[in-house]
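A.B. asks: Structure file input.txt (compact mmCIF, C-alpha atoms and all ligand atoms) is given on the next line.
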```txt
# COMPACT_ATOMS: atom_id res chain seq x y z
CA MET A 11 -20.75 -7.13 -17.14
CA ILE A 12 -18.73 -8.07 -20.23
CA PRO A 13 -15.62 -6.00 -20.92
CA SER A 14 -14.92 -4.44 -24.32
CA ALA A 15 -12.69 -6.47 -26.62
CA PHE A 16 -8.96 -6.27 -25.95
CA ASP A 17 -5.72 -7.86 -27.07
CA TYR A 18 -3.57 -9.87 -24.68
CA ALA A 19 0.22 -9.98 -24.59
CA ARG A 20 2.56 -11.57 -22.07
CA ALA A 21 5.67 -9.56 -21.18
CA THR A 22 8.83 -11.60 -20.82
CA SER A 23 10.85 -8.91 -19.01
CA VAL A 24 10.42 -5.45 -17.51
CA GLU A 25 12.03 -3.98 -20.64
CA ASP A 26 9.55 -5.91 -22.79
CA ALA A 27 6.63 -4.60 -20.69
CA VAL A 28 7.90 -1.02 -21.05
CA ALA A 29 8.32 -1.47 -24.84
CA LYS A 30 4.80 -2.87 -25.15
CA LEU A 31 3.39 0.05 -23.11
CA ALA A 32 5.15 2.53 -25.40
CA GLU A 33 3.94 0.69 -28.50
CA ALA A 34 0.31 0.99 -27.32
CA GLY A 35 0.72 4.75 -26.82
CA GLY A 36 -1.12 4.92 -23.48
CA ALA A 37 -4.02 2.66 -24.49
CA ALA A 38 -2.68 -0.51 -22.83
CA LYS A 39 -2.87 -1.63 -19.19
CA LEU A 40 -0.54 -3.83 -17.22
CA LEU A 41 -2.22 -6.93 -15.81
CA ALA A 42 -0.88 -8.31 -12.52
CA GLY A 43 -3.39 -10.17 -10.31
CA GLY A 44 -6.37 -8.67 -12.12
CA HIS A 45 -8.34 -8.29 -8.88
CA SER A 46 -8.87 -4.56 -9.33
CA LEU A 47 -8.42 -4.15 -13.08
CA VAL A 48 -10.76 -6.89 -14.29
CA PRO A 49 -13.78 -5.66 -12.25
CA MET A 50 -13.14 -2.14 -13.60
CA MET A 51 -13.07 -3.53 -17.14
CA LYS A 52 -16.28 -5.45 -16.59
CA LEU A 53 -17.95 -2.21 -15.52
CA ARG A 54 -16.34 -0.54 -18.56
CA LEU A 55 -14.72 2.03 -16.30
CA ASN A 56 -11.50 0.95 -17.97
CA GLU A 57 -11.29 -0.12 -21.62
CA PRO A 58 -7.66 -0.89 -22.49
CA SER A 59 -6.79 -1.86 -26.06
CA THR A 60 -4.27 -4.40 -24.78
CA LEU A 61 -3.59 -6.18 -21.51
CA ILE A 62 0.12 -6.68 -20.89
CA ASP A 63 0.50 -9.59 -18.49
CA ILE A 64 3.40 -8.98 -16.08
CA ALA A 65 2.58 -11.68 -13.54
CA ARG A 66 5.29 -14.09 -14.69
CA ILE A 67 8.20 -11.77 -15.40
CA PRO A 68 11.29 -13.41 -13.88
CA GLY A 69 12.71 -11.35 -11.01
CA LEU A 70 9.67 -9.06 -10.66
CA SER A 71 8.47 -10.92 -7.58
CA GLY A 72 10.27 -11.86 -4.41
CA ILE A 73 11.50 -10.39 -1.14
CA ARG A 74 15.21 -9.88 -0.54
CA ALA A 75 17.72 -8.07 1.64
CA ASP A 76 19.96 -5.70 -0.32
CA GLY A 77 22.65 -4.24 1.92
CA ASP A 78 20.90 -2.31 4.69
CA ALA A 79 17.57 -2.30 2.84
CA ILE A 80 14.76 -4.70 2.05
CA GLU A 81 13.29 -4.90 -1.45
CA VAL A 82 9.93 -6.39 -2.41
CA GLY A 83 9.23 -6.98 -6.10
CA ALA A 84 6.06 -5.49 -7.57
CA ALA A 85 4.62 -8.82 -8.70
CA THR A 86 4.93 -10.35 -5.23
CA VAL A 87 1.52 -11.60 -4.14
CA HIS A 88 0.14 -10.62 -0.74
CA HIS A 89 0.43 -14.21 0.56
CA GLU A 90 4.17 -14.22 -0.06
CA VAL A 91 4.54 -10.92 1.81
CA ALA A 92 2.39 -12.25 4.67
CA THR A 93 4.45 -15.43 5.07
CA SER A 94 7.97 -14.08 4.47
CA ASP A 95 10.50 -15.15 7.11
CA LEU A 96 12.67 -12.12 6.28
CA LEU A 97 9.77 -9.73 6.90
CA ALA A 98 8.67 -11.57 10.05
CA GLU A 99 12.16 -10.94 11.40
CA GLN A 100 12.95 -7.48 9.97
CA CYS A 101 9.61 -5.79 9.36
CA PRO A 102 6.64 -7.67 10.84
CA ALA A 103 4.32 -4.70 10.22
CA LEU A 104 4.45 -5.23 6.46
CA ALA A 105 3.80 -8.96 6.80
CA GLU A 106 0.84 -8.41 9.13
CA THR A 107 -0.59 -5.83 6.74
CA ALA A 108 -0.52 -8.30 3.86
CA ALA A 109 -2.06 -11.01 6.03
CA ALA A 110 -5.03 -8.73 6.73
CA ILE A 111 -5.83 -8.07 3.05
CA GLY A 112 -9.04 -9.58 1.68
CA ASP A 113 -9.37 -13.37 1.65
CA PRO A 114 -7.08 -16.26 0.59
CA GLN A 115 -8.03 -15.88 -3.09
CA VAL A 116 -7.19 -12.18 -3.09
CA ARG A 117 -3.95 -12.78 -1.16
CA ASN A 118 -2.83 -15.46 -3.60
CA ARG A 119 -3.49 -13.44 -6.78
CA GLY A 120 -3.30 -9.77 -5.80
CA THR A 121 0.11 -8.10 -5.96
CA LEU A 122 1.93 -5.32 -4.16
CA GLY A 123 2.50 -3.38 -7.40
CA GLY A 124 -1.12 -3.71 -8.47
CA SER A 125 -2.32 -2.40 -5.14
CA LEU A 126 0.07 0.58 -5.24
CA ALA A 127 -0.76 1.50 -8.85
CA HIS A 128 -4.50 1.19 -8.32
CA ALA A 129 -4.31 3.34 -5.16
CA ASP A 130 -7.72 2.52 -3.78
CA PRO A 131 -8.35 4.99 -0.93
CA ALA A 132 -9.10 2.01 1.34
CA ALA A 133 -6.02 -0.06 0.39
CA ASP A 134 -3.79 -1.19 3.23
CA TYR A 135 -0.23 -1.07 1.86
CA PRO A 136 -0.06 2.73 1.36
CA ALA A 137 -0.28 3.42 5.12
CA VAL A 138 2.58 1.05 5.85
CA LEU A 139 4.75 2.34 3.01
CA LEU A 140 4.34 5.85 4.41
CA ALA A 141 5.25 4.75 7.93
CA LEU A 142 8.28 2.84 6.62
CA ASP A 143 9.34 5.87 4.55
CA ALA A 144 9.63 3.41 1.67
CA SER A 145 10.50 4.34 -1.88
CA VAL A 146 8.64 3.06 -4.92
CA GLN A 147 10.88 1.94 -7.80
CA LEU A 148 9.70 2.70 -11.34
CA GLN A 149 10.98 1.90 -14.82
CA GLY A 150 9.87 3.51 -18.07
CA ALA A 151 11.03 4.44 -21.54
CA ASN A 152 13.29 7.13 -20.06
CA GLY A 153 14.94 4.83 -17.51
CA THR A 154 14.42 4.17 -13.82
CA ARG A 155 13.39 6.47 -10.99
CA SER A 156 12.60 6.19 -7.31
CA VAL A 157 9.72 8.05 -5.64
CA ASN A 158 9.30 8.42 -1.89
CA ALA A 159 5.94 7.09 -0.69
CA SER A 160 5.02 10.58 0.63
CA ASN A 161 5.12 11.87 -2.96
CA PHE A 162 3.77 8.76 -4.67
CA PHE A 163 0.20 8.80 -3.32
CA GLN A 164 -1.31 11.99 -4.72
CA GLY A 165 -5.10 11.71 -4.77
CA LEU A 166 -8.10 9.48 -5.37
CA PHE A 167 -6.80 6.56 -7.47
CA THR A 168 -3.94 8.87 -8.43
CA VAL A 169 -0.24 8.18 -8.00
CA ASP A 170 3.02 9.44 -9.49
CA LEU A 171 3.17 6.82 -12.25
CA GLY A 172 3.42 7.57 -15.97
CA ALA A 173 1.34 5.69 -18.55
CA ASP A 174 4.61 4.31 -19.95
CA GLU A 175 5.98 3.21 -16.57
CA ILE A 176 5.93 0.01 -14.54
CA ILE A 177 6.39 -0.27 -10.79
CA THR A 178 9.27 -2.71 -10.26
CA GLY A 179 9.21 -2.83 -6.46
CA ILE A 180 9.64 -1.05 -3.16
CA ARG A 181 12.68 -0.46 -0.96
CA PHE A 182 12.86 0.43 2.72
CA ALA A 183 15.02 0.12 5.82
CA PRO A 184 14.08 -2.66 8.26
CA ALA A 185 11.71 -1.46 11.00
CA LYS A 186 11.04 -3.79 13.90
CA VAL A 187 9.20 -1.34 16.16
CA ALA A 188 6.28 -0.94 13.78
CA ALA A 189 2.68 -2.14 13.50
CA TYR A 190 -0.52 -1.73 11.48
CA ALA A 191 -4.02 -1.56 12.95
CA LYS A 192 -7.23 -1.27 10.95
CA LEU A 193 -10.96 -1.13 11.24
CA TYR A 194 -12.11 -3.05 8.21
CA GLN A 195 -15.19 -3.53 6.12
CA ARG A 196 -16.46 -6.97 7.08
CA ALA A 197 -17.05 -8.34 3.58
CA SER A 198 -13.98 -7.12 1.67
CA ARG A 199 -11.60 -6.34 4.53
CA PHE A 200 -10.71 -3.02 2.87
CA ALA A 201 -9.75 -0.43 5.49
CA ILE A 202 -12.44 1.89 6.78
CA VAL A 203 -9.56 3.36 8.76
CA GLY A 204 -6.02 1.93 8.83
CA VAL A 205 -3.03 3.34 10.71
CA ALA A 206 0.59 2.20 10.50
CA ALA A 207 3.16 3.32 13.07
CA ALA A 208 6.94 3.02 12.83
CA LEU A 209 8.81 4.22 15.92
CA GLU A 210 12.31 4.51 17.28
CA VAL A 211 12.79 4.30 21.04
CA THR A 212 15.88 5.67 22.77
CA ASP A 213 16.38 5.43 26.56
CA GLY A 214 12.69 4.71 27.14
CA LYS A 215 11.45 7.65 25.07
CA ILE A 216 10.20 7.91 21.51
CA SER A 217 12.95 9.51 19.45
CA SER A 218 11.30 9.22 16.04
CA ALA A 219 7.76 8.50 14.86
CA ARG A 220 6.22 8.01 11.44
CA LEU A 221 2.48 7.40 11.07
CA GLY A 222 0.65 6.52 7.85
CA LEU A 223 -3.13 6.77 7.52
CA THR A 224 -5.35 5.08 4.93
CA GLY A 225 -9.10 4.72 4.44
CA ALA A 226 -9.95 8.09 5.95
CA SER A 227 -9.55 10.41 2.95
CA THR A 228 -9.04 10.39 -0.82
CA HIS A 229 -5.56 8.93 -0.41
CA ALA A 230 -3.11 7.78 2.21
CA THR A 231 -1.17 10.48 4.06
CA ARG A 232 1.36 10.94 6.86
CA MET A 233 -0.06 12.12 10.21
CA SER A 234 2.54 14.84 10.80
CA ALA A 235 0.92 16.50 13.83
CA SER A 236 0.60 13.19 15.66
CA GLU A 237 4.16 12.23 14.74
CA ALA A 238 5.42 15.48 16.30
CA ALA A 239 3.27 14.92 19.40
CA LEU A 240 4.84 11.51 19.99
CA VAL A 241 8.51 12.53 19.86
CA GLY A 242 9.97 12.85 23.36
CA THR A 243 7.09 10.96 24.96
CA ASP A 244 7.67 8.03 27.34
CA ALA A 245 7.48 4.82 25.31
CA THR A 246 4.36 3.47 27.01
CA ALA A 247 0.85 2.96 25.69
CA GLU A 248 -0.54 5.29 28.38
CA ALA A 249 1.88 8.18 27.76
CA THR A 250 1.54 7.97 23.98
CA ALA A 251 -2.26 7.87 24.15
CA GLU A 252 -2.20 11.04 26.24
CA ALA A 253 0.28 12.74 23.91
CA LEU A 254 -1.76 11.85 20.83
CA GLY A 255 -4.99 13.31 22.24
CA ASP A 256 -7.68 13.10 19.56
CA PRO A 257 -5.81 12.83 16.24
CA GLY A 258 -8.96 12.15 14.23
CA ALA A 259 -10.19 15.68 14.95
CA GLY A 260 -7.30 17.21 12.97
CA ILE A 261 -7.57 15.16 9.77
CA GLU A 262 -8.72 17.07 6.67
CA ASP A 263 -11.28 15.89 4.07
CA VAL A 264 -12.52 12.84 5.94
CA ASN A 265 -14.67 10.46 3.88
CA ASP A 266 -18.37 10.10 4.61
CA ASP A 267 -19.86 7.06 2.83
CA LEU A 268 -22.03 4.00 3.26
CA HIS A 269 -19.35 2.27 5.34
CA ALA A 270 -18.85 5.03 7.94
CA SER A 271 -19.88 8.60 8.59
CA GLU A 272 -17.27 11.33 8.81
CA GLY A 273 -17.73 11.57 12.57
CA TYR A 274 -17.35 7.83 13.11
CA ARG A 275 -14.23 7.73 10.91
CA ARG A 276 -12.68 10.59 12.89
CA ALA A 277 -13.34 8.72 16.13
CA MET A 278 -11.85 5.55 14.67
CA VAL A 279 -8.73 7.37 13.44
CA SER A 280 -8.08 8.28 17.08
CA VAL A 281 -8.76 4.74 18.33
CA PHE A 282 -6.66 3.00 15.68
CA THR A 283 -3.78 5.47 15.94
CA ARG A 284 -3.51 4.65 19.64
CA ARG A 285 -3.73 0.92 18.86
CA ALA A 286 -1.06 1.03 16.14
CA VAL A 287 1.33 2.96 18.39
CA ALA A 288 0.72 0.61 21.34
CA ALA A 289 1.22 -2.45 19.10
CA ALA A 290 4.46 -1.01 17.73
CA LEU A 291 5.70 -0.29 21.28
CA ALA A 292 4.95 -3.87 22.25
CA ARG A 293 7.69 -4.83 19.74
CA ALA A 294 10.26 -2.41 21.21
C1 LIG B 301 -12.81 -9.21 -2.82
C2 LIG B 301 -11.60 -8.31 -2.70
C3 LIG B 301 -11.18 -7.92 -1.45
C4 LIG B 301 -10.08 -7.07 -1.32
N1 LIG B 301 -9.68 -6.67 -0.07
C5 LIG B 301 -8.61 -5.84 0.06
C6 LIG B 301 -8.17 -5.42 1.36
O1 LIG B 301 -8.68 -5.81 2.40
N2 LIG B 301 -7.13 -4.55 1.40
C7 LIG B 301 -6.46 -4.12 0.26
O2 LIG B 301 -5.52 -3.34 0.38
N3 LIG B 301 -6.84 -4.54 -0.96
C8 LIG B 301 -7.89 -5.37 -1.09
N4 LIG B 301 -8.26 -5.79 -2.34
C9 LIG B 301 -7.51 -5.34 -3.53
C10 LIG B 301 -6.37 -6.32 -3.79
O3 LIG B 301 -5.35 -6.08 -2.88
C11 LIG B 301 -5.84 -6.22 -5.23
O4 LIG B 301 -4.97 -7.28 -5.38
C12 LIG B 301 -5.08 -4.96 -5.58
O5 LIG B 301 -5.83 -3.82 -5.42
C13 LIG B 301 -4.68 -4.95 -7.03
O6 LIG B 301 -3.64 -5.86 -7.27
P1 LIG B 301 -3.64 -6.74 -8.56
O7 LIG B 301 -2.33 -7.42 -8.59
O8 LIG B 301 -4.86 -7.61 -8.60
O9 LIG B 301 -3.68 -5.63 -9.72
P2 LIG B 301 -4.46 -5.57 -11.11
O10 LIG B 301 -5.92 -5.65 -10.87
O11 LIG B 301 -3.86 -6.53 -12.06
O12 LIG B 301 -4.05 -4.10 -11.56
C14 LIG B 301 -4.57 -2.97 -10.88
C15 LIG B 301 -4.01 -1.72 -11.55
O13 LIG B 301 -2.60 -1.62 -11.32
C16 LIG B 301 -1.88 -1.61 -12.55
N5 LIG B 301 -0.67 -2.36 -12.30
C17 LIG B 301 -0.57 -3.63 -11.84
N6 LIG B 301 0.71 -3.95 -11.60
C18 LIG B 301 1.44 -2.86 -11.94
C19 LIG B 301 2.83 -2.56 -11.91
N7 LIG B 301 3.76 -3.43 -11.48
N8 LIG B 301 3.23 -1.33 -12.32
C20 LIG B 301 2.32 -0.42 -12.74
N9 LIG B 301 1.00 -0.63 -12.79
C21 LIG B 301 0.57 -1.84 -12.38
C22 LIG B 301 -2.82 -2.21 -13.56
O14 LIG B 301 -2.54 -1.77 -14.88
C23 LIG B 301 -4.17 -1.70 -13.07
O15 LIG B 301 -4.36 -0.37 -13.47
C24 LIG B 301 -9.37 -6.64 -2.48
C25 LIG B 301 -9.79 -7.06 -3.76
C26 LIG B 301 -10.90 -7.89 -3.87
C27 LIG B 301 -11.30 -8.33 -5.24
```
Let me see the file written as structure tokens.
Ligand SMILES: Cc1cc2nc3c(=O)[nH]c(=O)nc-3n(C[C@H](O)[C@H](O)[C@H](O)COP(=O)(O)OP(=O)(O)OC[C@H]3O[C@@H](n4cnc5c(N)ncnc54)[C@H](O)[C@@H]3O)c2cc1C
C.D. replies:
Amino acid sequence: MIPSAFDYARATSVEDAVAKLAEAGGAAKLLAGGHSLVPMMKLRLNEPSTLIDIARIPGLSGIRADGDAIEVGAATVHHEVATSDLLAEQCPALAETAAAIGDPQVRNRGTLGGSLAHADPAADYPAVLLALDASVQLQGANGTRSVNASNFFQGLFTVDLGADEIITGIRFAPAKVAAYAKLYQRASRFAIVGVAAALEVTDGKISSARLGLTGASTHATRMSASEAALVGTDATAEATAEALGDPGAGIEDVNDDLHASEGYRRAMVSVFTRRAVAAALARA
């Protein structure tokens, strides 16, 4: 359980991190909280030549309002997301998601950007980013770009992120009628199934619905059929449960592993979709 030898460098700015990534020619790795990367290195599943420490780059962490949007810096630790007054007011679903990650040690070291880049199929944030229709901000040698969450999560541990790029943060519109509900693995708290719902209610009916699902398949996805089923429905837990039917039955490529069988996961997708929608409606 000893990683291969590596060099260590601390980046002083995002530009410095990007320059160091380019210098290493794809053989370096960014180090944020180290909670996912270091275990991978110990197992020698990852053997970077250099670790580029980005945890203390000024301005890379923090939560702020920018015009009509909210921005969260990539190096923001889960604890800060969980306890943000701005998020409690403007987007409680994101704060409650962070509060349900792992344990206090993980929440105090692990970062938003690290979680998004690692893209564990059982990670919590991806479901909420999808429901919020958030964009992921990236910076690389060729400049900056913004990727919608629906395009960012592409497969098992695979996201739209170049080897020379760093995630600088996320951006989304405030969403008060939103919630996250998960069935979690008791030791790690990773999601066996996690569903985030962001709704708009007009005159007592659901006028818009976005649902993000994590834990069920190789990567987080939107639940388009369930979103369509919700629009036009009375904004009550009973009516939405009826409209949703059995959403777990329609999900493709459901995981079957030591934590849950495919059949159990499908059943839990249905249960936790109903719960997330009901919890979001309780905030309407
Ligand atoms: C015991 C335990 C329990 C956990 N429970 C949960 C849970 O319940 N739910 C959950 O969602 N997660 C859970 N996690 C994972 C946790 O959230 C990690 O913090 C997260 O996966 C990785 O964040 P990090 O900052 O530690 O990243 P690191 O380990 O430092 O990096 C992970 C990967 O991301 C890359 N990276 C880091 N930052 C950036 C960036 N800004 N731009 C580009 N690439 C970057 C690194 O190069 C590396 O490839 C758990 C972890 C542990 C150890």
A.B. asks: Find the spatial neighbours of segment 131-148 of chain A, counting all atoms listed in the file, within a cut-off of 6 Å - ignore same-chain residues fewer than 2 positions away - and output them as a PyMOL selection string.
C.D. replies: chain A and resi 154-159+176-182+200-201+206-208+220-225+228-230
A.B. asks: Each residue of chain A with at least one atom at most 6 Å from ligand LIG 301 (chain B) should appear once, together with its nearest atom pair and the corresponding distance in Å (one decimal); atoms considered: all atoms listed in the file; ordering: chain, then increasing residue number; output as a tab-separated table.
C.D. replies:
```
residue	atom	partner	partner_atom	distance
A:Lys39	CA	B:LIG301	O14	4.3
A:Leu40	CA	B:LIG301	O14	3.7
A:Leu41	CA	B:LIG301	O11	4.1
A:Ala42	CA	B:LIG301	O11	3.5
A:Gly43	CA	B:LIG301	O8	3.4
A:Gly44	CA	B:LIG301	O11	3.3
A:His45	CA	B:LIG301	O8	3.6
A:Ser46	CA	B:LIG301	O10	3.5
A:Leu47	CA	B:LIG301	O10	3.7
A:Ala84	CA	B:LIG301	N7	5.0
A:Ile111	CA	B:LIG301	O1	3.7
A:Gly112	CA	B:LIG301	N1	3.5
A:Val116	CA	B:LIG301	C26	5.7
A:Gly120	CA	B:LIG301	O4	3.0
A:Thr121	CA	B:LIG301	O7	3.7
A:Gly123	CA	B:LIG301	N7	4.3
A:Gly124	CA	B:LIG301	C17	3.4
A:Ser125	CA	B:LIG301	C12	3.8
A:Ala127	CA	B:LIG301	O13	4.4
A:His128	CA	B:LIG301	C15	4.4
A:Ala133	CA	B:LIG301	O2	3.3
A:Asp134	CA	B:LIG301	O2	4.0
A:Tyr135	CA	B:LIG301	O2	5.9
A:Ile176	CA	B:LIG301	N8	3.7
A:Ile177	CA	B:LIG301	N8	3.7
A:Thr178	CA	B:LIG301	N7	5.7
A:Ser198	CA	B:LIG301	C3	4.3
A:Arg199	CA	B:LIG301	O1	3.7
A:Phe200	CA	B:LIG301	O1	3.5
```
A.B. asks: Contacts of Asp170 of chain A at 8 Å or less, counting all atoms listed in the file, minus same-chain residues fewer than 6 places along, as an MDAnalysis selection string?
C.D. replies: chainID A and resid 157 161:164
A.B. asks: Counting all atoms listed in the file, what is within 12 Å of Val24 of chain A, bar same-chain residues fewer than 5 positions away, as a ChimeraX atom specification?
C.D. replies: /A:29-31,40,62-71,83-85,148-151,153-154,174-179
A.B. asks: Could you please determine the separation between atom CA of Ser217 of chain A and atom CA of Ala189 of chain A in Å, to one decimal place?
C.D. replies: 16.6 Å
A.B. asks: Just give me the gap between atom CA of Ala109 of chain A and atom CA of Met50 of chain A in Å, one decimal is fine.
C.D. replies: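 So the answer is 24.2 Å.
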A.B. asks: Measuring atom to atom with all atoms listed in the file, identify which of A:Pro102, A:Arg117, A:Asn56, A:Ala27 is nearest to Thr86 of chain A.
C.D. replies: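 Nearest to Thr86 of chain A: A:Arg117.
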A.B. asks: Between atom CA of Ala185 of chain A and atom CA of Ala259 of chain A, what is the distance in Å, rounded to a tenth?
C.D. replies: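 Separating atom CA of Ala185 of chain A from atom CA of Ala259 of chain A is a distance of 28.1 Å.
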A.B. asks: Show me, as a list in words, the residues that have an atom within 9 Å of Ala238 of chain A when counting all atoms listed in the file, minus same-chain residues fewer than 4 positions from it.
C.D. replies: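 Result of the neighbour search: Ser218, Ala219, Arg220, Met233, Ser234 and Gly242 of chain A.
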A.B. asks: Using all atoms listed in the file, find the one residue out of A:Val203, A:Ala92, A:Ala34, A:Leu240 that sits nearest to Ala270 of chain A.
C.D. replies: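 Using all atoms listed in the file, Ala270 of chain A sits closest to A:Val203.
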A.B. asks: Find the residues around segment 14-19 of chain A up to 8 Å (all atoms listed in the file counted), leave out those fewer than 6 positions away in its own chain, and share them as a list in words.
C.D. replies: Met51, Lys52, Arg54, Glu57, Pro58, Ser59, Thr60, Leu61, Ile62 and Asp63 of chain A
A.B. asks: Measuring atom to atom with all atoms listed in the file, identify which of A:Pro184, A:Pro13, A:Asn118, A:Asp267 is nearest to Pro49 of chain A.
C.D. replies: A:Pro13
A.B. asks: Could you check which of A:Glu90, A:Asp130, A:Asp78, A:Asp266 is closest to Thr168 of chain A, using all atoms listed in the file?
C.D. replies: A:Asp130
A.B. asks: Take the point (7.7, 10.0, 23.4) in the file's coordinates, draw a sphere of radius 10 Å around it, and report as an MDAnalysis selection string every protein, DNA or RNA residue with an atom inside or on it, counting all atoms listed in the file.
C.D. replies: chainID A and resid 209:212 214:219 237:246 249:250 253:254
A.B. asks: Export C-alpha atoms of the chosen residues as a compact mmCIF listing (two decimals), in the frame of the given file?
C.D. replies:
```
# COMPACT_ATOMS: atom_id res chain seq x y z
CA LEU A 209 8.81 4.22 15.92
CA GLU A 210 12.31 4.51 17.28
CA VAL A 211 12.79 4.30 21.04
CA THR A 212 15.88 5.67 22.77
CA GLY A 214 12.69 4.71 27.14
CA LYS A 215 11.45 7.65 25.07
CA ILE A 216 10.20 7.91 21.51
CA SER A 217 12.95 9.51 19.45
CA SER A 218 11.30 9.22 16.04
CA ALA A 219 7.76 8.50 14.86
CA GLU A 237 4.16 12.23 14.74
CA ALA A 238 5.42 15.48 16.30
CA ALA A 239 3.27 14.92 19.40
CA LEU A 240 4.84 11.51 19.99
CA VAL A 241 8.51 12.53 19.86
CA GLY A 242 9.97 12.85 23.36
CA THR A 243 7.09 10.96 24.96
CA ASP A 244 7.67 8.03 27.34
CA ALA A 245 7.48 4.82 25.31
CA THR A 246 4.36 3.47 27.01
CA ALA A 249 1.88 8.18 27.76
CA THR A 250 1.54 7.97 23.98
CA ALA A 253 0.28 12.74 23.91
CA LEU A 254 -1.76 11.85 20.83
```
